[in-house]
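query_20.csv (CSV, C-alpha atoms)
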chain,number,residue,atom,x,y,z
X,108,MET,CA,-60.1,102.4,211.6
X,109,VAL,CA,-58.7,104.6,208.9
X,110,LYS,CA,-55.4,106.3,209.7
X,111,ILE,CA,-55.1,109.9,208.5
X,112,ILE,CA,-51.9,110.2,210.5
X,113,LYS,CA,-49.4,107.3,210.2
X,114,ALA,CA,-46.3,108.7,211.9
X,115,VAL,CA,-45.0,111.1,214.5
X,116,ILE,CA,-41.4,112.3,214.3
X,117,PHE,CA,-39.8,114.0,217.3
X,118,ASP,CA,-37.0,116.4,218.1
X,119,LEU,CA,-34.9,115.3,221.1
X,120,ASP,CA,-33.5,118.2,223.2
X,121,GLY,CA,-36.2,120.3,224.8
X,122,THR,CA,-38.9,118.0,223.5
X,123,LEU,CA,-38.2,114.5,224.9
X,124,LEU,CA,-35.1,115.3,226.9
X,125,ASP,CA,-35.6,118.0,229.5
X,126,ARG,CA,-32.4,119.7,228.6
X,127,GLU,CA,-32.8,122.6,231.0
X,128,THR,CA,-33.0,120.3,234.0
X,129,SER,CA,-30.3,118.0,232.6
X,130,ILE,CA,-27.8,120.8,232.0
X,131,ASN,CA,-28.4,122.2,235.6
X,132,ILE,CA,-27.8,118.8,237.1
X,133,PHE,CA,-24.7,118.2,235.0
X,134,ALA,CA,-23.1,121.6,235.6
X,135,GLU,CA,-23.4,121.1,239.4
X,136,LYS,CA,-21.9,117.6,239.1
X,137,GLN,CA,-19.0,119.0,237.1
X,138,TYR,CA,-18.4,121.8,239.6
X,139,ASN,CA,-18.3,119.3,242.4
X,140,LYS,CA,-16.1,116.9,240.5
X,141,TYR,CA,-13.5,119.6,239.8
X,142,TYR,CA,-13.9,121.5,243.0
X,143,LYS,CA,-10.2,121.9,243.7
X,144,SER,CA,-9.9,123.9,240.4
X,145,PHE,CA,-13.2,125.7,240.8
X,146,GLN,CA,-13.1,126.6,244.5
X,147,HIS,CA,-12.3,130.2,243.8
X,148,ILE,CA,-15.6,130.4,241.9
X,149,ASP,CA,-19.0,130.5,243.4
X,150,LYS,CA,-20.9,127.4,242.4
X,151,GLU,CA,-24.1,129.2,241.4
X,152,LEU,CA,-22.0,131.6,239.3
X,153,TYR,CA,-20.3,128.7,237.5
X,154,ILE,CA,-23.6,127.1,236.7
X,155,SER,CA,-25.3,130.2,235.5
X,156,ARG,CA,-22.3,131.2,233.3
X,157,PHE,CA,-22.2,127.7,231.8
X,158,ILE,CA,-26.0,127.8,231.1
X,159,LYS,CA,-25.8,131.3,229.6
X,160,LEU,CA,-22.8,130.5,227.3
X,161,ASP,CA,-24.5,127.2,226.3
X,162,ASN,CA,-27.4,129.3,224.9
X,163,LYS,CA,-30.0,126.5,225.0
X,164,GLY,CA,-27.6,124.1,223.3
X,165,MET,CA,-27.0,126.3,220.3
X,166,VAL,CA,-23.3,126.7,221.1
X,167,TRP,CA,-21.1,123.6,221.1
X,168,LYS,CA,-19.2,123.2,224.3
X,169,ASP,CA,-15.7,123.7,222.9
X,170,LYS,CA,-16.5,127.4,222.7
X,171,VAL,CA,-18.3,127.4,226.1
X,172,TYR,CA,-15.3,125.8,227.9
X,173,GLN,CA,-12.7,128.0,226.1
X,174,GLN,CA,-14.6,131.0,227.4
X,175,LEU,CA,-15.0,129.6,231.0
X,176,VAL,CA,-11.3,128.7,231.2
X,177,LYS,CA,-10.4,132.2,230.2
X,178,GLU,CA,-13.1,134.0,232.2
X,179,PHE,CA,-12.4,132.1,235.5
X,180,ARG,CA,-8.6,131.9,234.9
X,181,LEU,CA,-8.5,128.2,235.3
X,182,MET,CA,-4.8,127.2,235.5
X,183,ASP,CA,-4.8,123.5,236.1
X,184,LEU,CA,-7.7,122.4,233.9
X,185,THR,CA,-7.9,122.7,230.1
X,186,TRP,CA,-11.0,123.3,228.1
X,187,GLU,CA,-10.3,120.0,226.3
X,188,GLU,CA,-10.5,118.1,229.6
X,189,LEU,CA,-13.8,119.8,230.5
X,190,LEU,CA,-15.3,119.1,227.1
X,191,GLN,CA,-14.4,115.4,227.3
X,192,ASP,CA,-16.0,115.3,230.7
X,193,TYR,CA,-19.1,116.8,229.2
X,194,VAL,CA,-19.2,114.3,226.3
X,195,ASN,CA,-18.6,111.3,228.6
X,196,GLN,CA,-20.7,112.3,231.6
X,197,PHE,CA,-23.7,114.4,230.5
X,198,ARG,CA,-25.7,111.3,229.7
X,199,TYR,CA,-25.8,110.5,233.5
X,200,SER,CA,-27.7,113.7,234.0
X,201,SER,CA,-30.1,113.1,231.1
X,202,THR,CA,-33.6,113.7,232.4
X,203,PRO,CA,-36.8,112.9,230.4
X,204,PHE,CA,-39.8,115.1,230.4
X,205,PRO,CA,-42.7,113.8,232.5
X,206,ASN,CA,-44.9,111.1,230.8
X,207,LEU,CA,-42.3,110.4,228.0
X,208,TYR,CA,-42.6,106.6,228.3
X,209,GLN,CA,-46.4,106.6,228.7
X,210,MET,CA,-46.7,108.8,225.6
X,211,LEU,CA,-44.4,106.6,223.4
X,212,HIS,CA,-46.2,103.5,224.6
X,213,SER,CA,-49.6,105.0,223.7
X,214,LEU,CA,-48.5,105.8,220.2
X,215,LYS,CA,-47.1,102.3,219.7
X,216,LYS,CA,-50.5,100.8,220.9
X,217,MET,CA,-52.2,103.0,218.2
X,218,ASN,CA,-49.8,101.5,215.6
X,219,ILE,CA,-48.3,104.9,214.9
X,220,LYS,CA,-44.8,104.9,213.4
X,221,VAL,CA,-42.3,106.9,215.6
X,222,GLY,CA,-39.1,108.6,214.4
X,223,MET,CA,-36.6,111.1,215.6
X,224,ILE,CA,-34.6,113.9,214.0
X,225,THR,CA,-32.0,115.7,216.2
X,226,ASN,CA,-29.3,118.2,215.5
X,227,GLY,CA,-26.0,117.4,217.3
X,228,LYS,CA,-22.9,115.3,217.5
X,229,LYS,CA,-23.1,111.6,216.8
X,230,GLU,CA,-21.5,110.2,219.9
X,231,PHE,CA,-23.1,112.7,222.3
X,232,GLN,CA,-26.6,112.3,221.1
X,233,GLU,CA,-26.3,108.5,220.9
X,234,TYR,CA,-25.2,108.5,224.6
X,235,ASN,CA,-28.2,110.6,225.6
X,236,ILE,CA,-30.8,108.6,223.6
X,237,SER,CA,-29.3,105.4,225.1
X,238,ALA,CA,-29.5,107.0,228.6
X,239,LEU,CA,-33.2,107.6,228.2
X,240,GLU,CA,-33.7,104.0,227.1
X,241,ILE,CA,-36.1,104.8,224.3
X,242,GLU,CA,-34.4,103.4,221.2
X,243,GLU,CA,-36.9,100.5,220.9
X,244,TYR,CA,-39.7,102.8,220.2
X,245,PHE,CA,-38.2,104.4,217.2
X,246,GLU,CA,-38.3,103.2,213.6
X,247,ILE,CA,-35.6,105.7,212.6
X,248,ILE,CA,-33.3,108.1,214.5
X,249,LEU,CA,-31.4,110.7,212.4
X,250,ILE,CA,-28.6,112.6,214.0
X,251,SER,CA,-27.4,115.6,211.9
X,252,GLU,CA,-23.7,114.9,212.2
X,253,ILE,CA,-24.2,111.3,210.9
X,254,VAL,CA,-26.5,112.4,208.0
X,255,GLY,CA,-24.5,115.5,207.1
X,256,ILE,CA,-27.7,117.6,207.1
X,257,LYS,CA,-29.2,119.5,209.9
X,258,LYS,CA,-32.6,121.0,210.7
X,259,PRO,CA,-34.1,123.2,209.3
X,260,ASN,CA,-32.9,121.7,206.0
X,261,PRO,CA,-35.9,120.0,204.4
X,262,LYS,CA,-33.8,117.1,203.2
X,263,ILE,CA,-33.4,115.6,206.7
X,264,PHE,CA,-37.2,115.6,207.2
X,265,GLU,CA,-37.7,114.0,203.7
X,266,GLN,CA,-35.1,111.3,204.5
X,267,ALA,CA,-37.0,110.3,207.6
X,268,LEU,CA,-40.4,110.3,205.8
X,269,LYS,CA,-39.0,108.2,203.0
X,270,HIS,CA,-37.5,105.6,205.4
X,271,MET,CA,-40.8,105.4,207.2
X,272,GLN,CA,-42.8,105.2,204.0
X,273,VAL,CA,-45.2,107.9,204.8
X,274,GLN,CA,-46.2,111.2,203.1
X,275,PRO,CA,-45.7,114.5,204.8
X,276,ASN,CA,-49.4,115.1,205.2
X,277,GLU,CA,-49.7,111.8,207.0
X,278,SER,CA,-47.2,112.9,209.6
X,279,PHE,CA,-46.7,115.1,212.7
X,280,PHE,CA,-43.4,116.7,213.8
X,281,VAL,CA,-43.1,117.5,217.5
X,282,GLY,CA,-40.4,120.0,218.6
X,283,ASP,CA,-39.6,123.0,220.7
X,284,HIS,CA,-37.7,125.2,218.3
X,285,PRO,CA,-40.0,127.5,216.2
X,286,GLU,CA,-37.7,127.7,213.2
X,287,ASN,CA,-35.7,124.4,213.2
X,288,ASP,CA,-38.7,122.3,214.1
X,289,ILE,CA,-42.0,123.9,213.5
X,290,ASN,CA,-41.5,126.1,210.5
X,291,ALA,CA,-39.2,123.6,208.9
X,292,ALA,CA,-41.7,120.8,209.3
X,293,ASN,CA,-44.5,123.0,208.0
X,294,LYS,CA,-42.5,123.8,204.9
X,295,VAL,CA,-42.1,120.1,204.1
X,296,GLY,CA,-45.9,119.7,204.4
X,297,MET,CA,-46.0,118.0,207.8
X,298,LYS,CA,-48.4,118.9,210.6
X,299,SER,CA,-46.7,120.3,213.6
X,300,ILE,CA,-46.9,120.2,217.4
X,301,TRP,CA,-45.0,122.8,219.4
X,302,LYS,CA,-43.9,121.8,222.9
X,303,LYS,CA,-44.1,125.1,224.8
X,304,HIS,CA,-40.8,126.5,225.9
X,305,LYS,CA,-40.7,129.4,228.4
X,306,GLY,CA,-39.4,132.7,227.0
X,307,ILE,CA,-40.2,131.6,223.4
X,308,THR,CA,-43.3,132.2,221.3
X,309,CYS,CA,-44.5,130.2,218.3
X,310,ASP,CA,-47.6,131.1,216.3
X,311,SER,CA,-47.1,128.7,213.3
X,312,ALA,CA,-47.7,125.3,214.9
X,313,ASP,CA,-50.9,123.4,214.2
X,314,PHE,CA,-51.1,122.4,217.9
X,315,VAL,CA,-49.4,123.6,221.1
X,316,ILE,CA,-48.8,121.3,224.1
X,317,GLU,CA,-47.3,121.6,227.6
X,318,ASP,CA,-47.2,117.9,228.5
X,319,LEU,CA,-46.2,115.0,226.3
X,320,ASN,CA,-49.4,113.1,227.2
X,321,GLU,CA,-51.3,115.5,225.1
X,322,ILE,CA,-49.8,114.1,221.9
X,323,PRO,CA,-51.8,110.8,221.8
X,324,ILE,CA,-55.0,112.8,222.4
X,325,ILE,CA,-54.3,114.9,219.4
X,326,ILE,CA,-53.4,111.9,217.2
X,327,LYS,CA,-56.6,110.1,218.2
X,328,ASP,CA,-58.6,112.9,216.5
X,329,PHE,CA,-56.9,111.9,213.2
X,330,LEU,CA,-57.9,108.3,213.5
X,331,VAL,CA,-61.4,107.8,212.0
X,332,THR,CA,-63.6,104.8,212.8
X,333,ASN,CA,-65.5,103.5,209.7
Any chance you could put this one into structure tokens?
Amino acid sequence: MVKIIKAVIFDLDGTLLDRETSINIFAEKQYNKYYKSFQHIDKELYISRFIKLDNKGMVWKDKVYQQLVKEFRLMDLTWEELLQDYVNQFRYSSTPFPNLYQMLHSLKKMNIKVGMITNGKKEFQEYNISALEIEEYFEIILISEIVGIKKPNPKIFEQALKHMQVQPNESFFVGDHPENDINAANKVGMKSIWKKHKGITCDSADFVIEDLNEIPIIIKDFLVTN
């Protein structure tokens, strides 16, 4: 069996971690936890404002909580307290996409190297990865705050490829963000798989999937039997 593809590198949020589900679960838990401070606010309003201000994870929560404290006139809770609760507790709401573990196991059985590149804060992302219990599958995990580079900078992709000892054209990148994941990986010379995200379009990916179990099927087409 000749491997044309030797490695698959993943994004985390919105690709392996179902962030939309996770953030909804967490926001409700936080509302319930601090109900005495939040009781003058409708629960659904709090959750919807939190999600909107979060902007699919593109806005760090210091800004989100500063706005919420101001907007809802929270008198006995600081934005720092809410942020610390988010950092410490979000992991307990971390929800994987369906078939995550089956997909990773399938790639390992195919002797495909597996890596991860994620933008975000060191401690927070480490907590979430640990909560998903997937570290053992990954040859390398790069978190932007640790590396000092973030997607779409090509250097973070090149660093992962160098560590895994594979060429860009021997690798797939799987992500949900058209610019930071798909276009950035394409520019490095990697093949790309876009995990569909509602409300977003992406025309530049080599493949489009809805379910993680589609990935091993795609990879099999790049393994040629002599």
Handout entry: Minimum-distance residue to Ile263 (chain X), chosen among X:Ala238, X:Ala292, X:Leu184, X:Ile322 (using all atoms listed in the file)
Key =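 For Ile263 (chain X), the nearest of the given residues is X:Ala292.
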Practice task
Would you mind telling me which residue in X:Leu123, X:Met165, X:Ala312, X:Val194 lies nearest to Leu239 (chain X) when using all atoms listed in the file?
Solution key: X:Leu123
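A straight line drawn from CA of Asn206 (chain X) to CA of Phe231 (chain X) is 23.5 Å long.
Across the structure, CA of Ile148 (chain X) and CA of Glu187 (chain X) are spaced 19.5 Å apart.
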Handout entry: Pick from X:Asp313, X:Glu252, X:Glu242, X:Asp328 nearest to Phe280 (chain X), counting all atoms listed in the file
Key =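 Once distances to Phe280 (chain X) are computed over all atoms listed in the file, the minimum belongs to X:Asp313.
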Exercise for the section: Go ahead and compute the interatomic distance for CA of Phe245 (chain X) and CA of Leu214 (chain X), in Å to one decimal. Expected result: 10.8 Å
Got a sec to check which residues sit within 9 Å of (-42.4, 131.7, 219.6), counting all atoms listed in the file, and write them as a PDB file with C-alpha atoms, in the frame of the given file?
ATOM      1  CA  HIS X 284     -37.700 125.200 218.300  1.00  0.00           C
ATOM      2  CA  PRO X 285     -40.000 127.500 216.200  1.00  0.00           C
ATOM      3  CA  GLU X 286     -37.700 127.700 213.200  1.00  0.00           C
ATOM      4  CA  LYS X 303     -44.100 125.100 224.800  1.00  0.00           C
ATOM      5  CA  HIS X 304     -40.800 126.500 225.900  1.00  0.00           C
ATOM      6  CA  GLY X 306     -39.400 132.700 227.000  1.00  0.00           C
ATOM      7  CA  ILE X 307     -40.200 131.600 223.400  1.00  0.00           C
ATOM      8  CA  THR X 308     -43.300 132.200 221.300  1.00  0.00           C
ATOM      9  CA  CYS X 309     -44.500 130.200 218.300  1.00  0.00           C
ATOM     10  CA  ASP X 310     -47.600 131.100 216.300  1.00  0.00           C
ATOM     11  CA  SER X 311     -47.100 128.700 213.300  1.00  0.00           C
TER      12      SER X 311
END
Problem - Test item: residues at most 9 Å from Gly227 (chain X), all atoms listed in the file, excluding those fewer than 3 positions along its chain, as a list in words - result: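 Those residues are Trp167, Glu230, Phe231, Gln232, Ile250, Ser251, Glu252 and Lys257 of chain X.
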Output file for the residues above (C-alpha atoms, as a PDB file, keeping the file's coordinate frame):
ATOM      1  CA  TRP X 167     -21.100 123.600 221.100  1.00  0.00           C
ATOM      2  CA  GLU X 230     -21.500 110.200 219.900  1.00  0.00           C
ATOM      3  CA  PHE X 231     -23.100 112.700 222.300  1.00  0.00           C
ATOM      4  CA  GLN X 232     -26.600 112.300 221.100  1.00  0.00           C
ATOM      5  CA  ILE X 250     -28.600 112.600 214.000  1.00  0.00           C
ATOM      6  CA  SER X 251     -27.400 115.600 211.900  1.00  0.00           C
ATOM      7  CA  GLU X 252     -23.700 114.900 212.200  1.00  0.00           C
ATOM      8  CA  LYS X 257     -29.200 119.500 209.900  1.00  0.00           C
TER       9      LYS X 257
END
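Checking X:Glu127, X:Ser278, X:Asn293, X:Ile224 one by one against Gln266 (chain X), counting all atoms listed in the file, you find the shortest gap at X:Ile224.
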